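Notes follow the structure.
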Amino acid sequence: MWLVTGGAGYIGAHVVRHLQRSGRQVAVIDDLSTGVRAKVDAAVPFVHASVGDRDAVRQAIRDLGVTGVLHLAAKKAVGESVERPLWYWQENVGCLQVLLEEMADAGVQRFVYTSSAAVYGQPDSTALITEDSACRPINPYGATKLAGEWMTSATAERFGWSAMSLRYFNVAGAGADDLCDPGVFNLIPIVFRALDSNERPKIFGSDYPTPDGTCVRDYVHVDDLADAHVQACAYVEANPGAGNTILNIGTGRGSSVREVLEIVSAVTGRDASGEAVARRAGDPAQLVAAVNRATEVLGWHSSRDVTDMVDSAWRAWQLKAE
Ligand SMILES: NC(=O)c1ccc[n+]([C@@H]2O[C@H](COP(=O)([O-])OP(=O)(O)OC[C@H]3O[C@@H](n4cnc5c(N)ncnc54)[C@H](O)[C@@H]3O)[C@@H](O)[C@H]2O)c1
């Protein structure tokens with residue numbers, strides 16, 4: 001039985017469905033602080049509790065016969081993490097400590113941890129980012145994600161676990177029309193919201209050293225990401241005691257803000273051309289993943305492009321708005 005923390009969230013709900021399709025037994029623990037219960041199949045055992053609730057975590061692991069955990073539950077808004085840093089440390093690191101302790105007590109030895117490209121901070125160069133690139137997070141959110149990787153590595157080493165830390169790049173799209181990304185933190189939902197309000201999307205900075213002057217990011221389809229989780233589970237199942245393996249999960253291809261806006265215009269039939277304003281503090285010019293390690297270790301690679309992401313996200317967004 002795989003326990004998915006944060007399984008009622010945008011990404012977690014996709015992961016739960018992909019794990020079910022892979023034939024694995026799945027359960028969810030989620031405090032519904034941003035998640036939605038209805039995104040999870042009623043047949044999936046669901047524990048409505050925080051991962052920081054030790055008794056609930058202990059009981060879930062024992063009663064559900066948990067043999068592995070995928071930990072996606074976290075707070076993820078960069079600006080909020082600057083406003084409330086200690087709360088981010090509590091939710092993203094304190095809760096993880098409880099989870100790891102309870103797993104260790106129960107003898108659960110398989111763990112997949114959700115990390116983020118935010119651990120890299122603001123790289124000096126525009127080269128592809130490998131897992132060995134320097135990790136210098138520039139906000140509390142990224143720092144908590146990196147600390148979680150360290151806790152995972154130390155615990156896996158101490159107790160002989162097989163673990164995997166997946167550094168997601170920019171996740172977008174929807175794998176089903178009811179699985180929209182409701183949080184307006186990423187470029188595509190931000191643009192959709194601007195279109196709904198008849199506003200021009202803002203382009204933060206048009207003088208970066210990139211081909212069209214706007215920031216370049218690596219967008220990965222949430223269905224490809226969910227597939228990577230299934231592969232990660234298969235890997236830790238097949239490789240006991242392997243320690244913590246860290247992998248970038250992206251496409252290896254960058255898209256500029258202007259390119260994404262052009263695709264949004266083409267898909268929605270609305271003018272999403274946007275208006276250039278000043279740069280935002282802390283935005284690197286380019287963040288694109290080197291993904292060969294994920295392919296070597298998991299046999300995984302992305303198969304969907306930005307048009308697939310915008311198209312599926314737009315369909316789900318319109319249903320959400322109704
Ligand atoms: N969306 C992205 O582009 C992106 C990129 C990199 C990493 N991530 C990471 O992916 C994970 C999932 O993100 P998402 O986009 O699906 O966000 P989300 O907010 O939709 O999902 C988070 C889920 O975790 C639950 N949760 C939060 N704190 C909890 C706690 N203490 N106990 C139990 N449940 C809790 C929420 O209710 C929600 O269901 C996070 O760890 C995030 O840091 C996301």
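If you're wondering about the labels, chains in the structure tokens are A, B, ... by order shown, residues count from 1 in each chain, ligands from 1 in order shown.
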
Using only C-alpha atoms and all ligand atoms, which residues have at least one atom no more than 8 Å from ligand 1? Output them as an mmCIF file with C-alpha atoms, in the first residue's frame.
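To be explicit, this is the file written out as part_15.cif:
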data_model
loop_
_atom_site.group_PDB
_atom_site.id
_atom_site.type_symbol
_atom_site.label_atom_id
_atom_site.label_comp_id
_atom_site.auth_asym_id
_atom_site.auth_seq_id
_atom_site.Cartn_x
_atom_site.Cartn_y
_atom_site.Cartn_z
ATOM 1 C CA THR A 5 0.508 12.741 1.367
ATOM 2 C CA GLY A 6 -1.144 15.756 -0.270
ATOM 3 C CA GLY A 7 -3.077 13.399 -2.556
ATOM 4 C CA ALA A 8 -6.025 15.804 -2.815
ATOM 5 C CA GLY A 9 -3.828 18.557 -4.281
ATOM 6 C CA TYR A 10 -3.244 19.486 -7.900
ATOM 7 C CA ILE A 11 -0.283 17.153 -8.485
ATOM 8 C CA GLY A 12 -1.133 14.589 -5.796
ATOM 9 C CA ALA A 13 -4.539 13.844 -7.332
ATOM 10 C CA ILE A 29 -3.531 11.638 3.873
ATOM 11 C CA ASP A 30 -4.358 15.301 3.346
ATOM 12 C CA ASP A 31 -5.402 18.145 5.643
ATOM 13 C CA LEU A 32 -7.416 19.749 2.787
ATOM 14 C CA SER A 33 -5.735 23.107 3.461
ATOM 15 C CA THR A 34 -5.519 23.608 -0.318
ATOM 16 C CA GLY A 35 -6.660 20.191 -1.550
ATOM 17 C CA VAL A 36 -10.125 19.076 -2.601
ATOM 18 C CA HIS A 48 -8.256 13.846 6.726
ATOM 19 C CA ALA A 49 -5.335 14.995 8.863
ATOM 20 C CA SER A 50 -2.083 16.887 8.817
ATOM 21 C CA VAL A 51 1.148 15.008 8.223
ATOM 22 C CA GLY A 52 2.257 16.753 11.409
ATOM 23 C CA ASP A 53 -0.432 14.898 13.376
ATOM 24 C CA HIS A 71 5.291 12.818 0.217
ATOM 25 C CA LEU A 72 3.785 15.667 -1.790
ATOM 26 C CA ALA A 73 2.050 17.595 1.012
ATOM 27 C CA ALA A 74 3.643 21.011 1.399
ATOM 28 C CA LYS A 75 3.113 24.736 1.227
ATOM 29 C CA LYS A 76 4.445 26.043 -2.076
ATOM 30 C CA GLU A 91 4.746 22.666 7.484
ATOM 31 C CA ASN A 92 7.445 21.543 5.050
ATOM 32 C CA CYS A 95 5.764 17.708 9.356
ATOM 33 C CA THR A 114 8.699 15.918 -3.713
ATOM 34 C CA SER A 115 11.395 18.511 -4.178
ATOM 35 C CA SER A 116 11.571 21.462 -6.530
ATOM 36 C CA ALA A 117 13.811 23.342 -8.946
ATOM 37 C CA ALA A 118 13.547 26.115 -6.312
ATOM 38 C CA TYR A 141 10.242 27.775 0.231
ATOM 39 C CA LYS A 145 12.574 21.777 0.036
ATOM 40 C CA ARG A 167 13.034 18.009 -8.287
ATOM 41 C CA TYR A 168 10.049 19.180 -10.308
ATOM 42 C CA PHE A 169 10.494 22.042 -12.735
ATOM 43 C CA ASN A 170 7.422 24.074 -13.833
ATOM 44 C CA VAL A 171 4.426 21.790 -13.670
ATOM 45 C CA ALA A 172 1.456 22.560 -15.929
ATOM 46 C CA ASP A 181 -4.526 23.634 -11.023
ATOM 47 C CA PRO A 182 -6.633 25.947 -8.838
ATOM 48 C CA GLY A 183 -3.705 27.856 -7.323
ATOM 49 C CA PHE A 185 0.964 30.738 -8.726
ATOM 50 C CA ASN A 186 2.285 29.487 -12.060
#

Among range 25-266 of chain A, which residues carry a DSSP assignment of strand (DSSP E), reported as an NGL selection string? :A and (26-30 or 46-48 or 68-71 or 110-116 or 162-168 or 170-172 or 202-204 or 216-217 or 219-221 or 243-249 or 255-256)

Env of Pro284 in chain A: 8 Å cut, atoms = only C-alpha atoms, seq-sep filter 5 positions within chain, self excluded. Answer as a list in words.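 Result of the neighbour search: Gly121, Gln122, Pro123 and Cys215 of chain A.
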
If we count only C-alpha atoms, what is near range 222-236 of chain A at a cut-off of 9 Å, once residues fewer than 6 positions away on the same chain are taken out, given as a PyMOL selection string? chain A and resi 2+10-12+14-19+22+68+70+109-112+161-164+166+168+171-175+242+249-250+294+297-304+309

Let's have the selection written as a tab-separated table (two decimals), in the first residue's frame, with C-alpha atoms.
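To be explicit, this is the file written out as out13.tsv:
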chain	number	residue	atom	x	y	z
A	2	TRP	CA	1.41	3.39	-1.04
A	10	TYR	CA	-3.24	19.49	-7.90
A	11	ILE	CA	-0.28	17.15	-8.49
A	12	GLY	CA	-1.13	14.59	-5.80
A	14	HIS	CA	-2.84	13.04	-10.66
A	15	VAL	CA	-0.28	10.84	-8.92
A	16	VAL	CA	-3.03	8.91	-7.10
A	17	ARG	CA	-4.85	8.17	-10.38
A	18	HIS	CA	-1.65	7.07	-12.14
A	19	LEU	CA	-0.71	4.78	-9.25
A	22	SER	CA	-0.46	0.98	-12.46
A	68	GLY	CA	5.78	3.04	0.96
A	70	LEU	CA	5.02	9.48	-1.55
A	109	GLN	CA	11.52	1.66	3.91
A	110	ARG	CA	10.29	3.12	0.63
A	111	PHE	CA	10.01	6.87	0.22
A	112	VAL	CA	9.48	9.28	-2.67
A	161	TRP	CA	15.83	2.77	2.88
A	162	SER	CA	15.35	3.23	-0.81
A	163	ALA	CA	14.27	6.83	-1.44
A	164	MET	CA	13.96	9.21	-4.31
A	166	LEU	CA	12.17	14.41	-7.45
A	168	TYR	CA	10.05	19.18	-10.31
A	171	VAL	CA	4.43	21.79	-13.67
A	172	ALA	CA	1.46	22.56	-15.93
A	173	GLY	CA	-1.55	21.02	-17.66
A	174	ALA	CA	-4.35	18.77	-16.46
A	175	GLY	CA	-4.69	15.02	-16.91
A	242	ALA	CA	19.55	2.19	-2.44
A	249	ILE	CA	11.96	16.05	-13.55
A	250	GLY	CA	11.55	18.35	-16.52
A	294	ALA	CA	15.96	10.54	-14.88
A	297	VAL	CA	17.71	5.71	-13.69
A	298	LEU	CA	13.97	5.43	-14.36
A	299	GLY	CA	13.76	4.97	-18.11
A	300	TRP	CA	11.45	8.00	-17.95
A	301	HIS	CA	11.21	10.97	-20.27
A	302	SER	CA	8.49	13.49	-20.97
A	303	SER	CA	6.24	12.98	-23.98
A	304	ARG	CA	3.88	15.98	-23.93
A	309	MET	CA	-0.23	21.57	-21.31

Apply DSSP to the backbone of this structure and, from range 126-289 of chain A, keep only the residues in alpha helix (DSSP H); write these as a ChimeraX atom specification. /A:140-159,187-196,222-238,257-268

What is the distance, in Å and to one decimal place, between CA of Asp177 in chain A and CA of Arg315 in chain A?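 Those two atoms sit 6.3 Å apart.
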
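Excluding range 125-133 of chain A itself and same-chain residues fewer than 5 positions from it, the residues having an atom within 7 Å of it are Ile246, Leu247, Asn248, Gln286, Val288, Ala289 and Ala290 of chain A, counting only C-alpha atoms.
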
Please identify every residue of range 38-144 of chain A that has at least one atom no farther than 10 Å from an atom of range 150-154 of chain A, counting only C-alpha atoms, and for each give the shortest atom pair and the distance in Å to one decimal, arranged by chain then increasing number, as JSON lines.
{"residue": "A:Val93", "atom": "CA", "partner": "A:Met151", "partner_atom": "CA", "distance": 8.6}
{"residue": "A:Leu96", "atom": "CA", "partner": "A:Met151", "partner_atom": "CA", "distance": 8.4}
{"residue": "A:Gln97", "atom": "CA", "partner": "A:Met151", "partner_atom": "CA", "distance": 7.8}
{"residue": "A:Leu100", "atom": "CA", "partner": "A:Thr152", "partner_atom": "CA", "distance": 7.9}
{"residue": "A:Phe111", "atom": "CA", "partner": "A:Thr152", "partner_atom": "CA", "distance": 8.3}
{"residue": "A:Val112", "atom": "CA", "partner": "A:Thr152", "partner_atom": "CA", "distance": 9.0}
{"residue": "A:Tyr113", "atom": "CA", "partner": "A:Thr152", "partner_atom": "CA", "distance": 7.6}
{"residue": "A:Thr144", "atom": "CA", "partner": "A:Trp150", "partner_atom": "CA", "distance": 9.9}

Please dump the current selection as an mmCIF file, in the first residue's frame; keep C-alpha atoms.
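Everything below was put into result17.cif:
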data_model
loop_
_atom_site.group_PDB
_atom_site.id
_atom_site.type_symbol
_atom_site.label_atom_id
_atom_site.label_comp_id
_atom_site.auth_asym_id
_atom_site.auth_seq_id
_atom_site.Cartn_x
_atom_site.Cartn_y
_atom_site.Cartn_z
ATOM 1 C CA VAL A 93 10.170 20.374 7.437
ATOM 2 C CA LEU A 96 8.324 15.759 7.324
ATOM 3 C CA GLN A 97 10.226 14.968 10.509
ATOM 4 C CA LEU A 100 9.971 10.072 8.687
ATOM 5 C CA PHE A 111 10.006 6.870 0.220
ATOM 6 C CA VAL A 112 9.480 9.282 -2.666
ATOM 7 C CA TYR A 113 9.966 12.937 -1.743
ATOM 8 C CA THR A 144 12.638 24.004 3.130
#

Could you check how far CA of Arg37 in chain A sits from CA of Leu86 in chain A, in Å to one decimal? 27.2 Å

How far is it from CA of Gly254 in chain A to CA of Val216 in chain A, in Å with one decimal?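 It comes out at 5.6 Å.
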